[in-house]
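Pasted below: start_34.pdb, PDB, C-alpha atoms and all ligand atoms.
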ATOM      1  CA  MET R   1      23.275  44.055 191.149  1.00  0.00           C
ATOM      2  CA  ASP R   2      25.606  45.500 193.817  1.00  0.00           C
ATOM      3  CA  ASN R   3      28.526  43.082 194.130  1.00  0.00           C
ATOM      4  CA  ASN R   4      29.835  44.993 197.167  1.00  0.00           C
ATOM      5  CA  GLN R   5      26.968  43.747 199.333  1.00  0.00           C
ATOM      6  CA  PRO R   6      27.493  40.229 200.708  1.00  0.00           C
ATOM      7  CA  ILE R   7      24.879  37.665 199.684  1.00  0.00           C
ATOM      8  CA  TYR R   8      25.740  35.719 202.825  1.00  0.00           C
ATOM      9  CA  THR R   9      27.499  36.706 206.036  1.00  0.00           C
ATOM     10  CA  GLY R  10      28.676  33.911 208.293  1.00  0.00           C
ATOM     11  CA  LYS R  11      30.514  34.115 211.611  1.00  0.00           C
ATOM     12  CA  ALA R  12      33.944  34.418 209.978  1.00  0.00           C
ATOM     13  CA  LYS R  13      33.387  34.662 206.225  1.00  0.00           C
ATOM     14  CA  SER R  14      31.375  36.832 203.839  1.00  0.00           C
ATOM     15  CA  VAL R  15      30.256  35.720 200.391  1.00  0.00           C
ATOM     16  CA  PHE R  16      29.848  38.077 197.443  1.00  0.00           C
ATOM     17  CA  ARG R  17      28.675  37.750 193.851  1.00  0.00           C
ATOM     18  CA  THR R  18      31.247  38.394 191.120  1.00  0.00           C
ATOM     19  CA  PRO R  19      30.662  39.616 187.568  1.00  0.00           C
ATOM     20  CA  VAL R  20      31.192  36.005 186.443  1.00  0.00           C
ATOM     21  CA  PRO R  21      28.057  33.824 186.616  1.00  0.00           C
ATOM     22  CA  GLY R  22      28.646  30.689 188.659  1.00  0.00           C
ATOM     23  CA  GLU R  23      31.606  32.191 190.534  1.00  0.00           C
ATOM     24  CA  LEU R  24      31.455  33.656 194.025  1.00  0.00           C
ATOM     25  CA  LYS R  25      33.970  35.522 196.149  1.00  0.00           C
ATOM     26  CA  VAL R  26      34.592  34.375 199.734  1.00  0.00           C
ATOM     27  CA  VAL R  27      36.300  36.838 202.065  1.00  0.00           C
ATOM     28  CA  PHE R  28      37.840  35.311 205.189  1.00  0.00           C
ATOM     29  CA  ARG R  29      37.346  37.983 207.858  1.00  0.00           C
ATOM     30  CA  ASP R  30      39.470  38.487 210.965  1.00  0.00           C
ATOM     31  CA  ASP R  31      36.517  37.630 213.215  1.00  0.00           C
ATOM     32  CA  ILE R  32      36.641  34.615 215.493  1.00  0.00           C
ATOM     33  CA  THR R  33      33.695  33.263 217.464  1.00  0.00           C
ATOM     34  CA  ALA R  34      32.956  30.350 219.760  1.00  0.00           C
ATOM     35  CA  PHE R  35      29.977  28.852 221.563  1.00  0.00           C
ATOM     36  CA  ASN R  36      27.550  29.761 218.778  1.00  0.00           C
ATOM     37  CA  GLY R  37      28.707  33.358 218.682  1.00  0.00           C
ATOM     38  CA  GLU R  38      28.608  33.969 222.459  1.00  0.00           C
ATOM     39  CA  LYS R  39      32.371  34.640 222.503  1.00  0.00           C
ATOM     40  CA  LYS R  40      33.581  36.995 219.746  1.00  0.00           C
ATOM     41  CA  ASP R  41      36.773  38.779 218.825  1.00  0.00           C
ATOM     42  CA  THR R  42      38.572  40.288 215.876  1.00  0.00           C
ATOM     43  CA  LEU R  43      42.210  39.279 215.436  1.00  0.00           C
ATOM     44  CA  ALA R  44      44.063  41.141 212.689  1.00  0.00           C
ATOM     45  CA  GLY R  45      45.583  38.624 210.276  1.00  0.00           C
ATOM     46  CA  LYS R  46      43.482  35.635 211.290  1.00  0.00           C
ATOM     47  CA  GLY R  47      41.394  35.702 208.068  1.00  0.00           C
ATOM     48  CA  GLN R  48      44.517  35.493 205.989  1.00  0.00           C
ATOM     49  CA  TYR R  49      45.841  32.487 207.908  1.00  0.00           C
ATOM     50  CA  ASN R  50      42.600  30.529 207.455  1.00  0.00           C
ATOM     51  CA  ALA R  51      42.258  31.508 203.786  1.00  0.00           C
ATOM     52  CA  ARG R  52      45.786  30.354 202.996  1.00  0.00           C
ATOM     53  CA  VAL R  53      45.373  27.055 204.809  1.00  0.00           C
ATOM     54  CA  SER R  54      41.989  26.426 203.163  1.00  0.00           C
ATOM     55  CA  ALA R  55      43.382  27.164 199.696  1.00  0.00           C
ATOM     56  CA  PHE R  56      46.333  24.873 200.368  1.00  0.00           C
ATOM     57  CA  PHE R  57      44.089  21.964 201.375  1.00  0.00           C
ATOM     58  CA  PHE R  58      41.550  22.496 198.583  1.00  0.00           C
ATOM     59  CA  GLU R  59      44.427  22.267 196.096  1.00  0.00           C
ATOM     60  CA  LEU R  60      45.862  19.194 197.796  1.00  0.00           C
ATOM     61  CA  LEU R  61      42.454  17.486 197.776  1.00  0.00           C
ATOM     62  CA  GLU R  62      41.791  18.390 194.110  1.00  0.00           C
ATOM     63  CA  LYS R  63      45.144  16.809 193.208  1.00  0.00           C
ATOM     64  CA  ASN R  64      43.907  13.691 194.990  1.00  0.00           C
ATOM     65  CA  GLY R  65      40.634  13.516 193.076  1.00  0.00           C
ATOM     66  CA  ILE R  66      38.233  15.330 195.446  1.00  0.00           C
ATOM     67  CA  PRO R  67      36.058  17.913 193.663  1.00  0.00           C
ATOM     68  CA  THR R  68      36.121  21.193 195.631  1.00  0.00           C
ATOM     69  CA  HIS R  69      34.614  24.634 195.067  1.00  0.00           C
ATOM     70  CA  PHE R  70      38.071  26.256 195.006  1.00  0.00           C
ATOM     71  CA  ILE R  71      38.969  28.143 191.810  1.00  0.00           C
ATOM     72  CA  ARG R  72      41.762  30.557 192.835  1.00  0.00           C
ATOM     73  CA  MET R  73      42.895  33.107 195.383  1.00  0.00           C
ATOM     74  CA  GLU R  74      42.240  36.725 194.505  1.00  0.00           C
ATOM     75  CA  ASP R  75      44.349  38.016 197.378  1.00  0.00           C
ATOM     76  CA  ASP R  76      45.575  36.672 200.731  1.00  0.00           C
ATOM     77  CA  LYS R  77      42.116  36.523 202.261  1.00  0.00           C
ATOM     78  CA  THR R  78      39.841  36.371 199.217  1.00  0.00           C
ATOM     79  CA  MET R  79      38.995  33.125 197.473  1.00  0.00           C
ATOM     80  CA  ILE R  80      37.126  32.742 194.182  1.00  0.00           C
ATOM     81  CA  VAL R  81      34.911  29.657 194.308  1.00  0.00           C
ATOM     82  CA  ARG R  82      32.344  27.797 192.248  1.00  0.00           C
ATOM     83  CA  GLU R  83      28.795  28.705 193.285  1.00  0.00           C
ATOM     84  CA  LEU R  84      27.147  25.742 195.006  1.00  0.00           C
ATOM     85  CA  THR R  85      23.745  25.011 196.454  1.00  0.00           C
ATOM     86  CA  MET R  86      24.893  24.136 199.947  1.00  0.00           C
ATOM     87  CA  ILE R  87      23.638  21.005 201.696  1.00  0.00           C
ATOM     88  CA  PRO R  88      22.728  22.099 205.270  1.00  0.00           C
ATOM     89  CA  LEU R  89      24.923  19.497 206.966  1.00  0.00           C
ATOM     90  CA  GLU R  90      28.082  19.684 209.049  1.00  0.00           C
ATOM     91  CA  VAL R  91      29.944  16.469 208.372  1.00  0.00           C
ATOM     92  CA  ILE R  92      32.439  15.708 211.123  1.00  0.00           C
ATOM     93  CA  ALA R  93      35.176  13.060 210.914  1.00  0.00           C
ATOM     94  CA  ARG R  94      36.884  11.965 214.123  1.00  0.00           C
ATOM     95  CA  ASN R  95      40.175  10.098 214.586  1.00  0.00           C
ATOM     96  CA  VAL R  96      40.670  10.879 218.271  1.00  0.00           C
ATOM     97  CA  ALA R  97      38.001  11.580 220.885  1.00  0.00           C
ATOM     98  CA  ALA R  98      37.716  15.250 221.881  1.00  0.00           C
ATOM     99  CA  GLY R  99      35.104  17.959 222.184  1.00  0.00           C
ATOM    100  CA  SER R 100      31.418  17.147 222.006  1.00  0.00           C
ATOM    101  CA  ILE R 101      31.847  13.383 221.495  1.00  0.00           C
ATOM    102  CA  VAL R 102      33.505  13.137 224.925  1.00  0.00           C
ATOM    103  CA  LYS R 103      30.597  15.005 226.503  1.00  0.00           C
ATOM    104  CA  LYS R 104      27.928  12.910 224.776  1.00  0.00           C
ATOM    105  CA  PHE R 105      29.432   9.400 224.797  1.00  0.00           C
ATOM    106  CA  PRO R 106      31.686   7.349 227.085  1.00  0.00           C
ATOM    107  CA  PHE R 107      34.894   8.148 225.181  1.00  0.00           C
ATOM    108  CA  LYS R 108      37.947   9.373 227.070  1.00  0.00           C
ATOM    109  CA  LYS R 109      39.586  12.550 225.725  1.00  0.00           C
ATOM    110  CA  GLY R 110      42.523  11.455 223.558  1.00  0.00           C
ATOM    111  CA  GLN R 111      41.158   7.950 222.949  1.00  0.00           C
ATOM    112  CA  LEU R 112      42.004   6.735 219.455  1.00  0.00           C
ATOM    113  CA  ILE R 113      39.013   6.155 217.193  1.00  0.00           C
ATOM    114  CA  ASP R 114      40.120   3.683 214.546  1.00  0.00           C
ATOM    115  CA  PRO R 115      38.469   3.205 212.130  1.00  0.00           C
ATOM    116  CA  PRO R 116      37.410   6.851 212.177  1.00  0.00           C
ATOM    117  CA  VAL R 117      33.777   7.795 212.774  1.00  0.00           C
ATOM    118  CA  ILE R 118      31.712  10.259 210.812  1.00  0.00           C
ATOM    119  CA  VAL R 119      28.902  12.121 212.545  1.00  0.00           C
ATOM    120  CA  THR R 120      26.591  14.652 210.996  1.00  0.00           C
ATOM    121  CA  ASP R 121      24.819  17.705 212.376  1.00  0.00           C
ATOM    122  CA  TYR R 122      21.991  19.671 210.785  1.00  0.00           C
ATOM    123  CA  LYS R 123      23.466  23.136 210.149  1.00  0.00           C
ATOM    124  CA  SER R 124      20.880  25.459 211.603  1.00  0.00           C
ATOM    125  CA  ASP R 125      21.537  28.144 214.231  1.00  0.00           C
ATOM    126  CA  GLU R 126      17.791  28.296 214.804  1.00  0.00           C
ATOM    127  CA  HIS R 127      17.639  24.595 215.732  1.00  0.00           C
ATOM    128  CA  GLY R 128      21.001  24.581 217.555  1.00  0.00           C
ATOM    129  CA  ASP R 129      22.844  22.353 215.006  1.00  0.00           C
ATOM    130  CA  PRO R 130      21.283  19.059 216.230  1.00  0.00           C
ATOM    131  CA  SER R 131      22.712  15.626 215.341  1.00  0.00           C
ATOM    132  CA  ILE R 132      21.034  14.112 212.326  1.00  0.00           C
ATOM    133  CA  ASN R 133      21.050  10.566 210.918  1.00  0.00           C
ATOM    134  CA  ASP R 134      20.749   9.087 207.419  1.00  0.00           C
ATOM    135  CA  ASP R 135      16.989   8.467 207.680  1.00  0.00           C
ATOM    136  CA  LEU R 136      16.363  12.103 208.630  1.00  0.00           C
ATOM    137  CA  ILE R 137      18.662  13.355 205.853  1.00  0.00           C
ATOM    138  CA  LEU R 138      16.687  11.291 203.317  1.00  0.00           C
ATOM    139  CA  ALA R 139      13.303  12.262 204.785  1.00  0.00           C
ATOM    140  CA  LEU R 140      14.233  15.950 204.646  1.00  0.00           C
ATOM    141  CA  GLY R 141      15.475  15.534 201.057  1.00  0.00           C
ATOM    142  CA  PHE R 142      18.954  16.937 201.843  1.00  0.00           C
ATOM    143  CA  LEU R 143      20.611  14.038 199.965  1.00  0.00           C
ATOM    144  CA  THR R 144      19.632  10.909 198.031  1.00  0.00           C
ATOM    145  CA  THR R 145      20.840   7.444 199.038  1.00  0.00           C
ATOM    146  CA  GLU R 146      23.538   7.746 196.359  1.00  0.00           C
ATOM    147  CA  GLY R 147      24.463  11.250 197.598  1.00  0.00           C
ATOM    148  CA  LEU R 148      24.767   9.965 201.165  1.00  0.00           C
ATOM    149  CA  ARG R 149      27.136   7.229 200.008  1.00  0.00           C
ATOM    150  CA  GLU R 150      29.211   9.734 198.026  1.00  0.00           C
ATOM    151  CA  VAL R 151      29.494  12.180 200.938  1.00  0.00           C
ATOM    152  CA  ARG R 152      30.581   9.382 203.267  1.00  0.00           C
ATOM    153  CA  GLU R 153      33.168   8.061 200.805  1.00  0.00           C
ATOM    154  CA  MET R 154      34.530  11.540 200.077  1.00  0.00           C
ATOM    155  CA  THR R 155      34.743  12.347 203.794  1.00  0.00           C
ATOM    156  CA  LEU R 156      36.714   9.171 204.544  1.00  0.00           C
ATOM    157  CA  LYS R 157      39.058   9.896 201.639  1.00  0.00           C
ATOM    158  CA  ILE R 158      39.531  13.525 202.736  1.00  0.00           C
ATOM    159  CA  ASN R 159      40.251  12.300 206.262  1.00  0.00           C
ATOM    160  CA  LYS R 160      42.939   9.919 205.031  1.00  0.00           C
ATOM    161  CA  ILE R 161      44.619  12.590 202.869  1.00  0.00           C
ATOM    162  CA  LEU R 162      44.582  15.234 205.620  1.00  0.00           C
ATOM    163  CA  LYS R 163      45.584  12.837 208.387  1.00  0.00           C
ATOM    164  CA  ASP R 164      48.603  11.572 206.419  1.00  0.00           C
ATOM    165  CA  PHE R 165      49.591  15.119 205.498  1.00  0.00           C
ATOM    166  CA  PHE R 166      49.467  16.310 209.116  1.00  0.00           C
ATOM    167  CA  LEU R 167      51.333  13.275 210.391  1.00  0.00           C
ATOM    168  CA  ASN R 168      54.219  14.284 208.130  1.00  0.00           C
ATOM    169  CA  VAL R 169      54.447  17.715 209.740  1.00  0.00           C
ATOM    170  CA  GLY R 170      54.208  16.426 213.316  1.00  0.00           C
ATOM    171  CA  ILE R 171      50.518  17.126 213.895  1.00  0.00           C
ATOM    172  CA  THR R 172      47.682  14.774 214.853  1.00  0.00           C
ATOM    173  CA  LEU R 173      44.445  15.429 212.992  1.00  0.00           C
ATOM    174  CA  VAL R 174      41.991  14.846 215.837  1.00  0.00           C
ATOM    175  CA  ASP R 175      38.788  15.793 213.993  1.00  0.00           C
ATOM    176  CA  PHE R 176      37.388  18.234 211.464  1.00  0.00           C
ATOM    177  CA  LYS R 177      34.124  19.544 210.067  1.00  0.00           C
ATOM    178  CA  ILE R 178      33.393  19.917 206.378  1.00  0.00           C
ATOM    179  CA  GLU R 179      30.428  21.017 204.288  1.00  0.00           C
ATOM    180  CA  PHE R 180      29.314  19.972 200.837  1.00  0.00           C
ATOM    181  CA  GLY R 181      27.235  21.560 198.110  1.00  0.00           C
ATOM    182  CA  CYS R 182      25.897  20.725 194.657  1.00  0.00           C
ATOM    183  CA  SER R 183      26.361  22.238 191.243  1.00  0.00           C
ATOM    184  CA  GLY R 184      24.101  20.451 188.789  1.00  0.00           C
ATOM    185  CA  ASP R 185      24.010  16.880 190.043  1.00  0.00           C
ATOM    186  CA  LYS R 186      27.639  16.849 191.164  1.00  0.00           C
ATOM    187  CA  ILE R 187      28.671  17.100 194.819  1.00  0.00           C
ATOM    188  CA  TYR R 188      31.612  19.347 195.705  1.00  0.00           C
ATOM    189  CA  LEU R 189      33.454  20.037 198.928  1.00  0.00           C
ATOM    190  CA  GLY R 190      32.666  23.643 199.890  1.00  0.00           C
ATOM    191  CA  ASP R 191      33.136  26.036 202.816  1.00  0.00           C
ATOM    192  CA  GLU R 192      36.640  25.920 204.351  1.00  0.00           C
ATOM    193  CA  ILE R 193      39.255  23.692 205.913  1.00  0.00           C
ATOM    194  CA  SER R 194      41.098  25.723 208.502  1.00  0.00           C
ATOM    195  CA  MET R 195      42.197  25.960 212.105  1.00  0.00           C
ATOM    196  CA  ASP R 196      38.628  27.109 212.872  1.00  0.00           C
ATOM    197  CA  SER R 197      37.183  23.821 211.608  1.00  0.00           C
ATOM    198  CA  MET R 198      39.780  21.219 212.630  1.00  0.00           C
ATOM    199  CA  ARG R 199      41.255  19.983 215.900  1.00  0.00           C
ATOM    200  CA  LEU R 200      45.025  19.698 215.570  1.00  0.00           C
ATOM    201  CA  TRP R 201      47.346  18.477 218.316  1.00  0.00           C
ATOM    202  CA  ASP R 202      51.133  18.739 218.324  1.00  0.00           C
ATOM    203  CA  ILE R 203      52.334  15.130 218.203  1.00  0.00           C
ATOM    204  CA  GLN R 204      55.224  15.837 220.615  1.00  0.00           C
ATOM    205  CA  THR R 205      53.516  17.967 223.241  1.00  0.00           C
ATOM    206  CA  GLY R 206      49.803  17.232 222.699  1.00  0.00           C
ATOM    207  CA  GLU R 207      49.156  20.992 222.658  1.00  0.00           C
ATOM    208  CA  SER R 208      46.187  22.335 220.693  1.00  0.00           C
ATOM    209  CA  MET R 209      46.975  24.186 217.467  1.00  0.00           C
ATOM    210  CA  ASP R 210      43.420  25.209 216.547  1.00  0.00           C
ATOM    211  CA  LYS R 211      40.336  27.114 217.682  1.00  0.00           C
ATOM    212  CA  ASP R 212      40.264  25.250 221.014  1.00  0.00           C
ATOM    213  CA  VAL R 213      43.023  27.698 222.082  1.00  0.00           C
ATOM    214  CA  TYR R 214      40.416  30.459 221.628  1.00  0.00           C
ATOM    215  CA  ARG R 215      37.451  28.468 222.957  1.00  0.00           C
ATOM    216  CA  LEU R 216      39.325  27.607 226.161  1.00  0.00           C
ATOM    217  CA  GLY R 217      41.442  30.777 226.325  1.00  0.00           C
ATOM    218  CA  THR R 218      44.659  28.805 226.745  1.00  0.00           C
ATOM    219  CA  GLY R 219      47.046  30.910 224.662  1.00  0.00           C
ATOM    220  CA  ASP R 220      47.757  33.317 221.845  1.00  0.00           C
ATOM    221  CA  VAL R 221      45.457  32.157 219.022  1.00  0.00           C
ATOM    222  CA  LEU R 222      47.130  34.226 216.308  1.00  0.00           C
ATOM    223  CA  SER R 223      50.607  32.876 216.974  1.00  0.00           C
ATOM    224  CA  VAL R 224      49.240  29.310 217.147  1.00  0.00           C
ATOM    225  CA  TYR R 225      47.463  29.771 213.772  1.00  0.00           C
ATOM    226  CA  GLY R 226      50.622  31.352 212.325  1.00  0.00           C
ATOM    227  CA  ASN R 227      52.633  28.376 213.508  1.00  0.00           C
ATOM    228  CA  VAL R 228      50.318  25.973 211.633  1.00  0.00           C
ATOM    229  CA  VAL R 229      50.652  28.065 208.454  1.00  0.00           C
ATOM    230  CA  GLU R 230      54.423  27.961 208.784  1.00  0.00           C
ATOM    231  CA  LYS R 231      54.502  24.190 209.258  1.00  0.00           C
ATOM    232  CA  ILE R 232      52.285  23.662 206.213  1.00  0.00           C
ATOM    233  CA  ILE R 233      54.164  26.112 204.008  1.00  0.00           C
ATOM    234  CA  SER R 234      57.576  24.839 205.018  1.00  0.00           C
ATOM    235  CA  LYS R 235      56.393  21.367 203.966  1.00  0.00           C
ATOM    236  CA  LYS R 236      55.333  22.673 200.527  1.00  0.00           C
TER
HETATM  237  O1  LIG L 301      32.409  20.538 218.940  1.00  0.00           O
HETATM  238  P1  LIG L 301      32.735  19.240 218.289  1.00  0.00           P
HETATM  239  O2  LIG L 301      33.634  18.368 219.100  1.00  0.00           O
HETATM  240  O3  LIG L 301      31.519  18.481 217.822  1.00  0.00           O
HETATM  241  O4  LIG L 301      33.561  19.626 216.964  1.00  0.00           O
HETATM  242  C1  LIG L 301      34.118  18.659 216.106  1.00  0.00           C
HETATM  243  C2  LIG L 301      34.965  19.356 215.054  1.00  0.00           C
HETATM  244  O5  LIG L 301      34.155  20.112 214.172  1.00  0.00           O
HETATM  245  C3  LIG L 301      35.980  20.353 215.628  1.00  0.00           C
HETATM  246  O6  LIG L 301      37.161  20.283 214.844  1.00  0.00           O
HETATM  247  C4  LIG L 301      35.310  21.679 215.475  1.00  0.00           C
HETATM  248  O7  LIG L 301      36.254  22.728 215.324  1.00  0.00           O
HETATM  249  C5  LIG L 301      34.508  21.481 214.198  1.00  0.00           C
HETATM  250  N1  LIG L 301      33.258  22.250 214.192  1.00  0.00           N
HETATM  251  C6  LIG L 301      33.131  23.340 213.343  1.00  0.00           C
HETATM  252  N2  LIG L 301      31.966  24.069 213.316  1.00  0.00           N
HETATM  253  C7  LIG L 301      30.926  23.723 214.078  1.00  0.00           C
HETATM  254  C8  LIG L 301      31.009  22.598 214.948  1.00  0.00           C
HETATM  255  C9  LIG L 301      32.210  21.895 214.980  1.00  0.00           C
HETATM  256  O8  LIG L 301      34.070  23.659 212.598  1.00  0.00           O
HETATM  257  N3  LIG L 301      29.800  24.423 214.008  1.00  0.00           N
END
Any chance you could give the structure as structure tokens?
Ligand code: C5P
Amino acid sequence: MDNNQPIYTGKAKSVFRTPVPGELKVVFRDDITAFNGEKKDTLAGKGQYNARVSAFFFELLEKNGIPTHFIRMEDDKTMIVRELTMIPLEVIARNVAAGSIVKKFPFKKGQLIDPPVIVTDYKSDEHGDPSINDDLILALGFLTTEGLREVREMTLKINKILKDFFLNVGITLVDFKIEFGCSGDKIYLGDEISMDSMRLWDIQTGESMDKDVYRLGTGDVLSVYGNVVEKIISKK
């Protein structure tokens, strides 16, 4: 088998087989996209920033009892991970109203959501990532009742760990999206946790420190991402 050919190519990451069964290689590319790929750019160094932040949070979560796919970094933008069968769900936790929830429901941007809410989308470009509920998830066989409970509990725990961490470095964790997968009958956190998949606001200024800067074209994305890396690493 040719391990140089990706087995999966996403919008910002490529996944490769490795010589080790059960281990995959994830390369964080420098590509950035928004609006389902309608806006696209390549920003040299961006892959490295997201890979480093993801690795940092996977390690932090593992230390706090969350099973993740993270094994080790091979280089600054290449992560070795456990092979999972991915569950086609985007699980989103929200602490503050922003983005799509403000468009769909009568929340005001910036409104505190406490206790946090978890919403779930079906991950499918073909279907436009529609919202999905527990009954549909069960009917489609994506998770069992027990699996649903586990994903919810893990997501709330991850939210608490990340939110507390960010608070300590002067950042509000507004919301984030995570994805899970299975190996055997165990559920692991997969994918990534990065500035592409979280909304982060500077506590002092309220400024965005995440992909919204790119989506809305409000500033220099690379320097914003670099700033987040610096804050996280300086805290280490
Ligand atoms: O767009 P929306 O407000 O629903 O996004 C909620 C959170 O999930 C944001 O942090 C966003 O960056 C993330 N997200 C993502 N990938 C998607 C959809 C949302 O990382 N496909």
Padded axis-aligned box of ligand LIG 301 (chain L) (4 Å per side), centre and edge lengths, Å, one decimal, as JSON:
{"center_x": 33.5, "center_y": 21.4, "center_z": 215.8, "size_x": 15.4, "size_y": 14.1, "size_z": 14.5}
So which one's closest to Ile178 (chain R), R:Lys211, R:Arg94, R:Lys108, R:Arg82? Using all atoms listed in the file, please.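 Closest residue, counting all atoms listed in the file: R:Arg94.
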Could you tell me, as an NGL selection string, exactly which residues end up selected when the PyMOL selection byres (((chain R and resi 50-67) around 9) and not hetatm) is applied to this structure? :R and (27-28 or 46-49 or 68-70 or 72-73 or 76-79 or 154 or 157-158 or 161-162 or 186-189 or 191-196 or 225 or 228-229 or 232-233)
Could you list, as a PyMOL selection string, all residues that come within 9 Å of ligand LIG 301 (chain L)? Count only C-alpha atoms and all ligand atoms. chain R and resi 34-36+90-94+97-103+119+121+123+129+173-178+192-200+210-212
Quick check, in Å to one decimal: how far apart do CA of Ile171 (chain R) and CA of Val151 (chain R) lie? 25.2 Å
